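Below: input-v1.pdb (PDB, C-alpha atoms and all ligand atoms)
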```pdb
ATOM      1  CA  MET A   1       8.637  15.734 -24.410  1.00  0.00           C
ATOM      2  CA  ASN A   2       7.801  17.218 -21.063  1.00  0.00           C
ATOM      3  CA  ASN A   3      10.791  16.357 -18.879  1.00  0.00           C
ATOM      4  CA  GLY A   4       9.173  17.997 -15.885  1.00  0.00           C
ATOM      5  CA  ALA A   5       6.378  15.427 -15.929  1.00  0.00           C
ATOM      6  CA  VAL A   6       8.777  12.544 -16.505  1.00  0.00           C
ATOM      7  CA  LEU A   7      10.965  13.527 -13.585  1.00  0.00           C
ATOM      8  CA  GLN A   8       8.103  14.268 -11.238  1.00  0.00           C
ATOM      9  CA  PRO A   9       8.075  11.695  -8.422  1.00  0.00           C
ATOM     10  CA  ALA A  10       5.007   9.506  -7.997  1.00  0.00           C
ATOM     11  CA  MET A  11       5.000  10.614  -4.376  1.00  0.00           C
ATOM     12  CA  LYS A  12       6.841  13.284  -2.484  1.00  0.00           C
ATOM     13  CA  LEU A  13       6.806  13.805   1.277  1.00  0.00           C
ATOM     14  CA  ALA A  14       8.469  17.044   2.322  1.00  0.00           C
ATOM     15  CA  GLY A  15       9.235  18.225   5.836  1.00  0.00           C
ATOM     16  CA  ILE A  16       6.767  15.858   7.456  1.00  0.00           C
ATOM     17  CA  GLU A  17       6.211  16.178  11.175  1.00  0.00           C
ATOM     18  CA  LYS A  18       3.845  13.939  13.087  1.00  0.00           C
ATOM     19  CA  THR A  19       3.180  14.485  16.753  1.00  0.00           C
ATOM     20  CA  TYR A  20       0.719  12.540  18.879  1.00  0.00           C
ATOM     21  CA  GLY A  21      -0.714  13.952  22.087  1.00  0.00           C
ATOM     22  CA  HIS A  22      -0.616  11.711  25.151  1.00  0.00           C
ATOM     23  CA  GLY A  23      -2.485  13.622  27.834  1.00  0.00           C
ATOM     24  CA  ASP A  24      -0.169  16.462  28.759  1.00  0.00           C
ATOM     25  CA  ALA A  25       2.789  14.889  26.989  1.00  0.00           C
ATOM     26  CA  THR A  26       3.412  14.752  23.253  1.00  0.00           C
ATOM     27  CA  LEU A  27       5.202  12.154  21.200  1.00  0.00           C
ATOM     28  CA  THR A  28       6.979  13.246  18.031  1.00  0.00           C
ATOM     29  CA  VAL A  29       7.232  10.264  15.701  1.00  0.00           C
ATOM     30  CA  LEU A  30       8.403  12.037  12.540  1.00  0.00           C
ATOM     31  CA  LYS A  31      10.267  15.306  12.277  1.00  0.00           C
ATOM     32  CA  ASP A  32      11.384  16.839   8.983  1.00  0.00           C
ATOM     33  CA  ALA A  33      10.955  13.491   7.247  1.00  0.00           C
ATOM     34  CA  ASN A  34      11.457  13.603   3.471  1.00  0.00           C
ATOM     35  CA  LEU A  35      10.872  10.989   0.819  1.00  0.00           C
ATOM     36  CA  ASN A  36      10.636  10.851  -2.956  1.00  0.00           C
ATOM     37  CA  LEU A  37       9.160   7.769  -4.577  1.00  0.00           C
ATOM     38  CA  ALA A  38       9.958   7.572  -8.271  1.00  0.00           C
ATOM     39  CA  ALA A  39       7.486   6.101 -10.730  1.00  0.00           C
ATOM     40  CA  GLY A  40       8.028   2.351 -10.978  1.00  0.00           C
ATOM     41  CA  GLU A  41      10.238   2.256  -7.917  1.00  0.00           C
ATOM     42  CA  MET A  42       9.907  -0.345  -5.168  1.00  0.00           C
ATOM     43  CA  VAL A  43      11.259   0.826  -1.816  1.00  0.00           C
ATOM     44  CA  ALA A  44      11.695  -1.220   1.351  1.00  0.00           C
ATOM     45  CA  LEU A  45      11.016   0.477   4.686  1.00  0.00           C
ATOM     46  CA  VAL A  46      12.992  -1.416   7.309  1.00  0.00           C
ATOM     47  CA  ALA A  47      12.933  -0.089  10.858  1.00  0.00           C
ATOM     48  CA  PRO A  48      12.341  -1.451  14.378  1.00  0.00           C
ATOM     49  CA  SER A  49       8.826  -1.605  15.804  1.00  0.00           C
ATOM     50  CA  GLY A  50       7.559   1.659  17.200  1.00  0.00           C
ATOM     51  CA  THR A  51       9.738   3.893  15.009  1.00  0.00           C
ATOM     52  CA  GLY A  52       6.847   5.139  12.892  1.00  0.00           C
ATOM     53  CA  LYS A  53       6.576   2.878   9.844  1.00  0.00           C
ATOM     54  CA  SER A  54       2.795   2.568  10.030  1.00  0.00           C
ATOM     55  CA  THR A  55       2.483   6.267  10.804  1.00  0.00           C
ATOM     56  CA  LEU A  56       4.505   7.083   7.688  1.00  0.00           C
ATOM     57  CA  LEU A  57       2.437   4.729   5.535  1.00  0.00           C
ATOM     58  CA  HIS A  58      -0.816   6.225   6.867  1.00  0.00           C
ATOM     59  CA  ILE A  59       0.383   9.708   5.987  1.00  0.00           C
ATOM     60  CA  ALA A  60       1.567   8.570   2.538  1.00  0.00           C
ATOM     61  CA  GLY A  61      -1.768   6.782   2.095  1.00  0.00           C
ATOM     62  CA  LEU A  62      -3.715   9.984   2.885  1.00  0.00           C
ATOM     63  CA  LEU A  63      -5.390   8.221   5.822  1.00  0.00           C
ATOM     64  CA  GLU A  64      -3.802  10.479   8.389  1.00  0.00           C
ATOM     65  CA  LYS A  65      -2.766  14.099   8.140  1.00  0.00           C
ATOM     66  CA  PRO A  66       0.731  15.095   9.179  1.00  0.00           C
ATOM     67  CA  THR A  67       1.008  17.686  11.953  1.00  0.00           C
ATOM     68  CA  SER A  68       2.896  19.707   9.369  1.00  0.00           C
ATOM     69  CA  GLY A  69       4.604  19.174   6.054  1.00  0.00           C
ATOM     70  CA  GLU A  70       3.636  18.512   2.462  1.00  0.00           C
ATOM     71  CA  VAL A  71       2.336  15.404   0.701  1.00  0.00           C
ATOM     72  CA  TYR A  72       2.328  15.280  -3.087  1.00  0.00           C
ATOM     73  CA  VAL A  73       0.835  12.457  -5.111  1.00  0.00           C
ATOM     74  CA  GLY A  74       1.758  12.681  -8.780  1.00  0.00           C
ATOM     75  CA  GLY A  75       2.389  16.388  -8.341  1.00  0.00           C
ATOM     76  CA  ALA A  76      -0.946  17.136  -6.629  1.00  0.00           C
ATOM     77  CA  ALA A  77      -0.583  18.968  -3.309  1.00  0.00           C
ATOM     78  CA  CYS A  78      -2.650  16.691  -1.062  1.00  0.00           C
ATOM     79  CA  HIS A  79      -1.996  18.708   2.097  1.00  0.00           C
ATOM     80  CA  LYS A  80      -4.147  21.431   0.537  1.00  0.00           C
ATOM     81  CA  LEU A  81      -7.143  19.187  -0.215  1.00  0.00           C
ATOM     82  CA  ASP A  82     -10.328  18.974   1.838  1.00  0.00           C
ATOM     83  CA  ASP A  83     -11.522  15.616   3.166  1.00  0.00           C
ATOM     84  CA  LYS A  84     -13.797  14.911   0.217  1.00  0.00           C
ATOM     85  CA  ALA A  85     -11.063  15.511  -2.333  1.00  0.00           C
ATOM     86  CA  LEU A  86      -8.636  13.476  -0.206  1.00  0.00           C
ATOM     87  CA  THR A  87     -11.021  10.511  -0.214  1.00  0.00           C
ATOM     88  CA  ARG A  88     -11.347  10.713  -3.984  1.00  0.00           C
ATOM     89  CA  MET A  89      -7.574  10.923  -4.345  1.00  0.00           C
ATOM     90  CA  ARG A  90      -7.086   7.955  -2.028  1.00  0.00           C
ATOM     91  CA  ARG A  91      -9.559   5.827  -4.001  1.00  0.00           C
ATOM     92  CA  THR A  92      -7.964   6.499  -7.364  1.00  0.00           C
ATOM     93  CA  GLU A  93      -4.255   6.895  -6.617  1.00  0.00           C
ATOM     94  CA  ILE A  94      -3.476   4.748  -3.561  1.00  0.00           C
ATOM     95  CA  GLY A  95      -3.644   1.039  -2.854  1.00  0.00           C
ATOM     96  CA  ILE A  96      -2.918  -0.350   0.606  1.00  0.00           C
ATOM     97  CA  VAL A  97      -2.073  -3.845   1.813  1.00  0.00           C
ATOM     98  CA  TYR A  98      -1.852  -4.663   5.517  1.00  0.00           C
ATOM     99  CA  GLN A  99      -0.347  -7.511   7.506  1.00  0.00           C
ATOM    100  CA  PHE A 100      -3.822  -8.966   7.960  1.00  0.00           C
ATOM    101  CA  HIS A 101      -5.877  -9.131   4.800  1.00  0.00           C
ATOM    102  CA  HIS A 102      -8.965  -7.157   5.986  1.00  0.00           C
ATOM    103  CA  LEU A 103     -11.074  -8.802   3.288  1.00  0.00           C
ATOM    104  CA  LEU A 104     -14.829  -8.714   3.829  1.00  0.00           C
ATOM    105  CA  PRO A 105     -15.693 -12.154   5.246  1.00  0.00           C
ATOM    106  CA  GLU A 106     -19.126 -12.539   3.666  1.00  0.00           C
ATOM    107  CA  PHE A 107     -17.923 -11.824   0.113  1.00  0.00           C
ATOM    108  CA  THR A 108     -16.001 -14.078  -2.289  1.00  0.00           C
ATOM    109  CA  ALA A 109     -12.482 -13.328  -3.539  1.00  0.00           C
ATOM    110  CA  VAL A 110     -13.748 -11.918  -6.818  1.00  0.00           C
ATOM    111  CA  GLU A 111     -16.391  -9.786  -5.050  1.00  0.00           C
ATOM    112  CA  ASN A 112     -13.827  -8.401  -2.605  1.00  0.00           C
ATOM    113  CA  ILE A 113     -11.633  -7.268  -5.504  1.00  0.00           C
ATOM    114  CA  ALA A 114     -14.585  -5.889  -7.481  1.00  0.00           C
ATOM    115  CA  MET A 115     -15.786  -3.806  -4.504  1.00  0.00           C
ATOM    116  CA  PRO A 116     -13.401  -0.812  -4.797  1.00  0.00           C
ATOM    117  CA  MET A 117     -14.089  -0.621  -8.541  1.00  0.00           C
ATOM    118  CA  MET A 118     -17.857  -0.578  -7.968  1.00  0.00           C
ATOM    119  CA  ILE A 119     -17.463   2.089  -5.278  1.00  0.00           C
ATOM    120  CA  ARG A 120     -15.678   4.086  -7.942  1.00  0.00           C
ATOM    121  CA  GLY A 121     -18.605   3.653 -10.316  1.00  0.00           C
ATOM    122  CA  LEU A 122     -17.788   0.656 -12.506  1.00  0.00           C
ATOM    123  CA  ASP A 123     -20.759  -1.644 -13.108  1.00  0.00           C
ATOM    124  CA  ARG A 124     -20.739  -5.075 -11.481  1.00  0.00           C
ATOM    125  CA  ALA A 125     -20.003  -7.085 -14.644  1.00  0.00           C
ATOM    126  CA  GLU A 126     -17.050  -4.899 -15.647  1.00  0.00           C
ATOM    127  CA  ALA A 127     -15.684  -4.855 -12.106  1.00  0.00           C
ATOM    128  CA  GLN A 128     -15.929  -8.639 -11.743  1.00  0.00           C
ATOM    129  CA  LYS A 129     -14.282  -9.136 -15.137  1.00  0.00           C
ATOM    130  CA  ARG A 130     -11.250  -7.107 -14.123  1.00  0.00           C
ATOM    131  CA  ALA A 131     -11.244  -8.752 -10.688  1.00  0.00           C
ATOM    132  CA  PHE A 132     -11.070 -12.153 -12.352  1.00  0.00           C
ATOM    133  CA  THR A 133      -8.219 -11.014 -14.609  1.00  0.00           C
ATOM    134  CA  LEU A 134      -6.302  -9.910 -11.518  1.00  0.00           C
ATOM    135  CA  LEU A 135      -6.958 -13.281  -9.880  1.00  0.00           C
ATOM    136  CA  GLN A 136      -5.612 -15.001 -13.007  1.00  0.00           C
ATOM    137  CA  TYR A 137      -2.579 -12.781 -12.959  1.00  0.00           C
ATOM    138  CA  LEU A 138      -1.896 -13.732  -9.337  1.00  0.00           C
ATOM    139  CA  HIS A 139      -2.586 -17.435 -10.079  1.00  0.00           C
ATOM    140  CA  ILE A 140      -5.592 -17.759  -7.795  1.00  0.00           C
ATOM    141  CA  ASP A 141      -8.454 -17.669 -10.305  1.00  0.00           C
ATOM    142  CA  HIS A 142      -9.350 -21.227  -9.199  1.00  0.00           C
ATOM    143  CA  ARG A 143     -10.234 -19.670  -5.817  1.00  0.00           C
ATOM    144  CA  SER A 144     -12.393 -16.864  -7.201  1.00  0.00           C
ATOM    145  CA  LYS A 145     -15.587 -18.021  -5.483  1.00  0.00           C
ATOM    146  CA  HIS A 146     -13.966 -18.777  -2.137  1.00  0.00           C
ATOM    147  CA  ARG A 147     -14.693 -16.590   0.856  1.00  0.00           C
ATOM    148  CA  PRO A 148     -11.673 -15.350   2.855  1.00  0.00           C
ATOM    149  CA  ALA A 149     -12.108 -18.079   5.510  1.00  0.00           C
ATOM    150  CA  GLU A 150     -11.862 -20.660   2.697  1.00  0.00           C
ATOM    151  CA  LEU A 151      -8.468 -19.349   1.520  1.00  0.00           C
ATOM    152  CA  SER A 152      -4.953 -20.009   2.834  1.00  0.00           C
ATOM    153  CA  GLY A 153      -2.957 -17.130   4.353  1.00  0.00           C
ATOM    154  CA  GLY A 154      -0.934 -16.679   1.171  1.00  0.00           C
ATOM    155  CA  GLU A 155      -4.072 -16.729  -0.979  1.00  0.00           C
ATOM    156  CA  GLN A 156      -5.772 -14.181   1.289  1.00  0.00           C
ATOM    157  CA  GLN A 157      -2.809 -11.838   0.884  1.00  0.00           C
ATOM    158  CA  ARG A 158      -2.792 -12.243  -2.898  1.00  0.00           C
ATOM    159  CA  VAL A 159      -6.499 -11.339  -2.959  1.00  0.00           C
ATOM    160  CA  ALA A 160      -5.723  -8.336  -0.740  1.00  0.00           C
ATOM    161  CA  ILE A 161      -2.988  -7.278  -3.197  1.00  0.00           C
ATOM    162  CA  ALA A 162      -5.390  -7.662  -6.126  1.00  0.00           C
ATOM    163  CA  ARG A 163      -7.961  -5.537  -4.290  1.00  0.00           C
ATOM    164  CA  ALA A 164      -5.329  -2.873  -3.564  1.00  0.00           C
ATOM    165  CA  VAL A 165      -4.439  -2.498  -7.249  1.00  0.00           C
ATOM    166  CA  ALA A 166      -7.998  -2.920  -8.559  1.00  0.00           C
ATOM    167  CA  ASN A 167      -8.380   0.769  -9.387  1.00  0.00           C
ATOM    168  CA  SER A 168      -4.888   0.953 -10.964  1.00  0.00           C
ATOM    169  CA  PRO A 169      -3.437   3.231  -8.315  1.00  0.00           C
ATOM    170  CA  ARG A 170      -0.257   5.224  -8.787  1.00  0.00           C
ATOM    171  CA  ILE A 171       1.121   4.078  -5.438  1.00  0.00           C
ATOM    172  CA  LEU A 172       0.972   0.808  -3.543  1.00  0.00           C
ATOM    173  CA  LEU A 173       1.652   0.946   0.183  1.00  0.00           C
ATOM    174  CA  ALA A 174       2.210  -2.272   2.085  1.00  0.00           C
ATOM    175  CA  ASP A 175       2.539  -2.526   5.852  1.00  0.00           C
ATOM    176  CA  GLU A 176       4.355  -5.780   6.640  1.00  0.00           C
ATOM    177  CA  PRO A 177       2.347  -7.609   3.935  1.00  0.00           C
ATOM    178  CA  THR A 178       4.086 -10.940   4.552  1.00  0.00           C
ATOM    179  CA  GLY A 179       4.516 -10.509   8.307  1.00  0.00           C
ATOM    180  CA  ASN A 180       1.903 -13.158   9.028  1.00  0.00           C
ATOM    181  CA  LEU A 181       3.165 -15.785   6.565  1.00  0.00           C
ATOM    182  CA  ASP A 182       5.730 -18.602   6.692  1.00  0.00           C
ATOM    183  CA  PRO A 183       9.005 -17.950   4.781  1.00  0.00           C
ATOM    184  CA  LYS A 184       8.091 -19.949   1.682  1.00  0.00           C
ATOM    185  CA  THR A 185       4.638 -18.389   1.324  1.00  0.00           C
ATOM    186  CA  SER A 186       6.172 -15.012   2.083  1.00  0.00           C
ATOM    187  CA  ASP A 187       8.521 -15.437  -0.860  1.00  0.00           C
ATOM    188  CA  TYR A 188       5.712 -16.457  -3.162  1.00  0.00           C
ATOM    189  CA  VAL A 189       3.476 -13.539  -2.178  1.00  0.00           C
ATOM    190  CA  PHE A 190       6.380 -11.115  -2.486  1.00  0.00           C
ATOM    191  CA  ASP A 191       7.177 -12.411  -5.983  1.00  0.00           C
ATOM    192  CA  ALA A 192       3.563 -11.820  -7.010  1.00  0.00           C
ATOM    193  CA  LEU A 193       3.675  -8.332  -5.518  1.00  0.00           C
ATOM    194  CA  SER A 194       6.948  -7.310  -7.139  1.00  0.00           C
ATOM    195  CA  GLN A 195       5.970  -8.686 -10.533  1.00  0.00           C
ATOM    196  CA  LEU A 196       2.770  -6.684 -10.387  1.00  0.00           C
ATOM    197  CA  VAL A 197       4.684  -3.532  -9.424  1.00  0.00           C
ATOM    198  CA  LYS A 198       7.233  -3.999 -12.222  1.00  0.00           C
ATOM    199  CA  GLU A 199       4.691  -4.732 -14.925  1.00  0.00           C
ATOM    200  CA  SER A 200       2.162  -2.077 -13.986  1.00  0.00           C
ATOM    201  CA  GLY A 201       4.730   0.693 -13.443  1.00  0.00           C
ATOM    202  CA  LEU A 202       3.265   1.658 -10.091  1.00  0.00           C
ATOM    203  CA  SER A 203       5.460   2.704  -7.180  1.00  0.00           C
ATOM    204  CA  ALA A 204       5.558   0.712  -3.980  1.00  0.00           C
ATOM    205  CA  LEU A 205       6.618   1.458  -0.425  1.00  0.00           C
ATOM    206  CA  VAL A 206       6.794  -1.772   1.562  1.00  0.00           C
ATOM    207  CA  ALA A 207       7.394  -1.918   5.311  1.00  0.00           C
ATOM    208  CA  THR A 208       8.991  -5.239   6.192  1.00  0.00           C
ATOM    209  CA  HIS A 209      11.129  -6.944   8.808  1.00  0.00           C
ATOM    210  CA  ASN A 210      12.235  -9.502   6.229  1.00  0.00           C
ATOM    211  CA  LEU A 211      15.744  -8.469   5.163  1.00  0.00           C
ATOM    212  CA  ASP A 212      15.859 -10.985   2.308  1.00  0.00           C
ATOM    213  CA  LEU A 213      12.778  -9.422   0.753  1.00  0.00           C
ATOM    214  CA  ALA A 214      14.069  -5.920   1.458  1.00  0.00           C
ATOM    215  CA  ALA A 215      17.296  -6.742  -0.403  1.00  0.00           C
ATOM    216  CA  ARG A 216      15.260  -7.587  -3.502  1.00  0.00           C
ATOM    217  CA  MET A 217      13.703  -4.121  -3.743  1.00  0.00           C
ATOM    218  CA  ASP A 218      15.231  -1.144  -5.584  1.00  0.00           C
ATOM    219  CA  ARG A 219      16.416   0.508  -2.364  1.00  0.00           C
ATOM    220  CA  LYS A 220      16.013   0.390   1.395  1.00  0.00           C
ATOM    221  CA  ILE A 221      15.156   3.194   3.769  1.00  0.00           C
ATOM    222  CA  THR A 222      14.782   3.350   7.528  1.00  0.00           C
ATOM    223  CA  ILE A 223      13.519   5.770  10.184  1.00  0.00           C
ATOM    224  CA  GLN A 224      16.239   7.143  12.436  1.00  0.00           C
ATOM    225  CA  ASP A 225      15.859  10.038  14.872  1.00  0.00           C
ATOM    226  CA  GLN A 226      12.377  10.696  13.411  1.00  0.00           C
ATOM    227  CA  GLN A 227      13.839  11.102   9.915  1.00  0.00           C
ATOM    228  CA  ILE A 228      13.902   8.973   6.797  1.00  0.00           C
ATOM    229  CA  VAL A 229      17.397   7.886   5.850  1.00  0.00           C
ATOM    230  CA  ALA A 230      18.979   5.232   3.619  1.00  0.00           C
ATOM    231  CA  HIS A 231      19.204   1.828   5.288  1.00  0.00           C
TER     232      HIS A 231
HETATM  233  P1  LIG B   1       5.723   1.032  13.703  1.00  0.00           P
HETATM  234  O1  LIG B   1       4.729   0.807  12.626  1.00  0.00           O
HETATM  235  O2  LIG B   1       7.114   1.329  13.189  1.00  0.00           O
HETATM  236  O3  LIG B   1       5.760  -0.080  14.701  1.00  0.00           O
HETATM  237  P2  LIG B   1       3.902   3.142  14.534  1.00  0.00           P
HETATM  238  O4  LIG B   1       3.887   4.121  13.424  1.00  0.00           O
HETATM  239  O5  LIG B   1       2.771   2.225  14.661  1.00  0.00           O
HETATM  240  O6  LIG B   1       5.311   2.333  14.496  1.00  0.00           O
HETATM  241  O7  LIG B   1       4.041   3.936  15.910  1.00  0.00           O
HETATM  242  C1  LIG B   1       5.087   4.862  16.149  1.00  0.00           C
HETATM  243  C2  LIG B   1       4.904   5.461  17.520  1.00  0.00           C
HETATM  244  O8  LIG B   1       3.749   6.296  17.553  1.00  0.00           O
HETATM  245  C3  LIG B   1       4.704   4.424  18.634  1.00  0.00           C
HETATM  246  O9  LIG B   1       5.393   4.860  19.768  1.00  0.00           O
HETATM  247  C4  LIG B   1       3.220   4.426  18.829  1.00  0.00           C
HETATM  248  O10 LIG B   1       2.900   4.087  20.153  1.00  0.00           O
HETATM  249  C5  LIG B   1       2.827   5.858  18.525  1.00  0.00           C
HETATM  250  N1  LIG B   1       1.468   5.978  17.952  1.00  0.00           N
HETATM  251  C6  LIG B   1       1.061   5.407  16.805  1.00  0.00           C
HETATM  252  N2  LIG B   1      -0.228   5.736  16.539  1.00  0.00           N
HETATM  253  C7  LIG B   1      -0.634   6.528  17.566  1.00  0.00           C
HETATM  254  C8  LIG B   1      -1.866   7.200  17.880  1.00  0.00           C
HETATM  255  N3  LIG B   1      -2.934   7.133  17.075  1.00  0.00           N
HETATM  256  N4  LIG B   1      -1.907   7.928  19.026  1.00  0.00           N
HETATM  257  C9  LIG B   1      -0.835   8.012  19.814  1.00  0.00           C
HETATM  258  N5  LIG B   1       0.347   7.421  19.575  1.00  0.00           N
HETATM  259  C10 LIG B   1       0.459   6.690  18.474  1.00  0.00           C
HETATM  260 MG    MG B   2       3.527  -0.841  12.192  1.00  0.00          MG
END
```

Mind turning this structure into structure tokens?
Amino acid sequence: MNNGAVLQPAMKLAGIEKTYGHGDATLTVLKDANLNLAAGEMVALVAPSGTGKSTLLHIAGLLEKPTSGEVYVGGAACHKLDDKALTRMRRTEIGIVYQFHHLLPEFTAVENIAMPMMIRGLDRAEAQKRAFTLLQYLHIDHRSKHRPAELSGGEQQRVAIARAVANSPRILLADEPTGNLDPKTSDYVFDALSQLVKESGLSALVATHNLDLAARMDRKITIQDQQIVAH
């Protein structure tokens, strides 16, 4: 057995600095921020608004480059990749869920979920078959032909979750995924999310202001003085 591979984190952020320029001034949001996400681990990111949660998730999601520091996904040094390789990596290894679903309004639930698989090269029939299986798994297969505007808020988020995991990513990043939902729906969507994480073995980093949900994850982290620390 290769213990090195087993112990390798799904994601590692090392010495991350992120500085934004504001005219002549600069704003340092993260400084020497470090994080290891183990395979199968679900981590809550709980921190006040403006402390850099979304910034951290964008860097982890390979959407934004850190000013300096290293980003590893499954052992691959992403900070060394060019934009084309980064895009490929993002498509295969990362799934992202936002506070607002960002589903394509003119496509049905099943088509929205099939989209990332087709972009990756799966044919339509195969992609729609897996999309439907995901809808069944999340108990919304009876809404498969609904467009986003014909879905409730909780259903929209479950479709967004299904879309995020469509390509079986290694890492799921969620930026306040239940922030727009009432408490009961929030609970339901979170249950669906955590069950999916547990059963698929992917790792999740979930930014949330909901302390009840945070308490149900494997551990909690926060951002303090531009660094990542235990919450
Ligand atoms: P959070 O998600 O915790 O609310 P953000 O990561 O969105 O925090 O923002 C952290 C800080 O960085 C805020 O002060 C915000 O104004 C600033 N910021 C975020 N994105 C940018 C950007 N693209 N350009 C300049 N400043 C930014
Ligand atoms: Mg944010």

Point to revise | Two-atom distance - atom CA of Gln226 of chain A, atom O9 of ligand LIG 1 (chain B) (Å) | key: 11.1 Å

Could you list, as a JSON list (two decimals) with C-alpha atoms, in the frame of the given file, all the residues within 6 Å of ligand LIG 1 (chain B), counting all atoms listed in the file?
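In the end it all went to selection31.json:
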```json
[["chain", "number", "residue", "atom", "x", "y", "z"],
["A", 20, "TYR", "CA", 0.72, 12.54, 18.88],
["A", 29, "VAL", "CA", 7.23, 10.26, 15.70],
["A", 49, "SER", "CA", 8.83, -1.60, 15.80],
["A", 50, "GLY", "CA", 7.56, 1.66, 17.20],
["A", 51, "THR", "CA", 9.74, 3.89, 15.01],
["A", 52, "GLY", "CA", 6.85, 5.14, 12.89],
["A", 53, "LYS", "CA", 6.58, 2.88, 9.84],
["A", 54, "SER", "CA", 2.80, 2.57, 10.03],
["A", 55, "THR", "CA", 2.48, 6.27, 10.80]]
```

Exercise for review: Would you mind listing the residues within 12 Å of ligand MG 2 (chain B), counting all atoms listed in the file, as a VMD selection string?
Suggested key: chain A and resid 45 to 58 98 to 100 174 to 177 179 206 to 209

Review point. So how many Å separate atom CA of Ile223 of chain A and atom CA of Thr178 of chain A, to one decimal?
Key: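 Value for the atom CA of Ile223 of chain A-atom CA of Thr178 of chain A distance: 20.0 Å.
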
Practice item. Would you write out, as JSON, numbers by chain, every residue that the PyMOL selection byres (((chain A and resi 73-85) around 10) and not hetatm) captures in this file? Key: {"A": [5, 8, 9, 10, 11, 12, 13, 37, 38, 39, 60, 61, 62, 63, 65, 66, 68, 69, 70, 71, 72, 86, 87, 88, 89, 90, 91, 93, 94, 170, 171]}

Practice item. Any chance you could resolve the PyMOL selection byres (((chain A and resi 95) around 6) and not hetatm) against this file and give the residues as number ranges by chain? Key: A: 94, 96, 164-165, 169, 172

Exercise for review: Rounded to one decimal place, report the atom CA of His231 of chain A-atom CA of Lys184 of chain A distance in Å.
Suggested key: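 Atom CA of His231 of chain A sits 24.7 Å away from atom CA of Lys184 of chain A.
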
Once you add 4 Å to each side, what are the centre and edge lengths of the axis-aligned box holding all listed atoms of segment 121-135 of chain A? One decimal in Å, as lines of an AutoDock Vina configuration file, if you can.
```
center_x = -13.5
center_y = -4.8
center_z = -12.8
size_x = 22.5
size_y = 24.9
size_z = 13.8
```

Point to revise | For segment 187-194 of chain A: contacts at 12 Å, only C-alpha atoms, fewer than 5 positions along chain excluded, given as an MDAnalysis selection string | key: chainID A and resid 40:44 97 134:140 152:162 164:165 172:174 176:182 199:206 208 210:218

Output file for the selection above: C-alpha atoms, as a tab-separated table (two decimals), in the coordinates of the input:
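Result file follows (selection_2.tsv):
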```tsv
chain	number	residue	atom	x	y	z
A	40	GLY	CA	8.03	2.35	-10.98
A	41	GLU	CA	10.24	2.26	-7.92
A	42	MET	CA	9.91	-0.34	-5.17
A	43	VAL	CA	11.26	0.83	-1.82
A	44	ALA	CA	11.70	-1.22	1.35
A	97	VAL	CA	-2.07	-3.84	1.81
A	134	LEU	CA	-6.30	-9.91	-11.52
A	135	LEU	CA	-6.96	-13.28	-9.88
A	136	GLN	CA	-5.61	-15.00	-13.01
A	137	TYR	CA	-2.58	-12.78	-12.96
A	138	LEU	CA	-1.90	-13.73	-9.34
A	139	HIS	CA	-2.59	-17.43	-10.08
A	140	ILE	CA	-5.59	-17.76	-7.80
A	152	SER	CA	-4.95	-20.01	2.83
A	153	GLY	CA	-2.96	-17.13	4.35
A	154	GLY	CA	-0.93	-16.68	1.17
A	155	GLU	CA	-4.07	-16.73	-0.98
A	156	GLN	CA	-5.77	-14.18	1.29
A	157	GLN	CA	-2.81	-11.84	0.88
A	158	ARG	CA	-2.79	-12.24	-2.90
A	159	VAL	CA	-6.50	-11.34	-2.96
A	160	ALA	CA	-5.72	-8.34	-0.74
A	161	ILE	CA	-2.99	-7.28	-3.20
A	162	ALA	CA	-5.39	-7.66	-6.13
A	164	ALA	CA	-5.33	-2.87	-3.56
A	165	VAL	CA	-4.44	-2.50	-7.25
A	172	LEU	CA	0.97	0.81	-3.54
A	173	LEU	CA	1.65	0.95	0.18
A	174	ALA	CA	2.21	-2.27	2.08
A	176	GLU	CA	4.36	-5.78	6.64
A	177	PRO	CA	2.35	-7.61	3.94
A	178	THR	CA	4.09	-10.94	4.55
A	179	GLY	CA	4.52	-10.51	8.31
A	180	ASN	CA	1.90	-13.16	9.03
A	181	LEU	CA	3.16	-15.78	6.56
A	182	ASP	CA	5.73	-18.60	6.69
A	199	GLU	CA	4.69	-4.73	-14.92
A	200	SER	CA	2.16	-2.08	-13.99
A	201	GLY	CA	4.73	0.69	-13.44
A	202	LEU	CA	3.26	1.66	-10.09
A	203	SER	CA	5.46	2.70	-7.18
A	204	ALA	CA	5.56	0.71	-3.98
A	205	LEU	CA	6.62	1.46	-0.42
A	206	VAL	CA	6.79	-1.77	1.56
A	208	THR	CA	8.99	-5.24	6.19
A	210	ASN	CA	12.24	-9.50	6.23
A	211	LEU	CA	15.74	-8.47	5.16
A	212	ASP	CA	15.86	-10.98	2.31
A	213	LEU	CA	12.78	-9.42	0.75
A	214	ALA	CA	14.07	-5.92	1.46
A	215	ALA	CA	17.30	-6.74	-0.40
A	216	ARG	CA	15.26	-7.59	-3.50
A	217	MET	CA	13.70	-4.12	-3.74
A	218	ASP	CA	15.23	-1.14	-5.58
```

Point to revise | Selected residue, from A:Gly21, A:Pro148, A:Gly15, A:Pro183, that lies nearest to His102 of chain A when counting all atoms listed in the file | key: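 That would be A:Pro148, the residue with the smallest distance to His102 of chain A.
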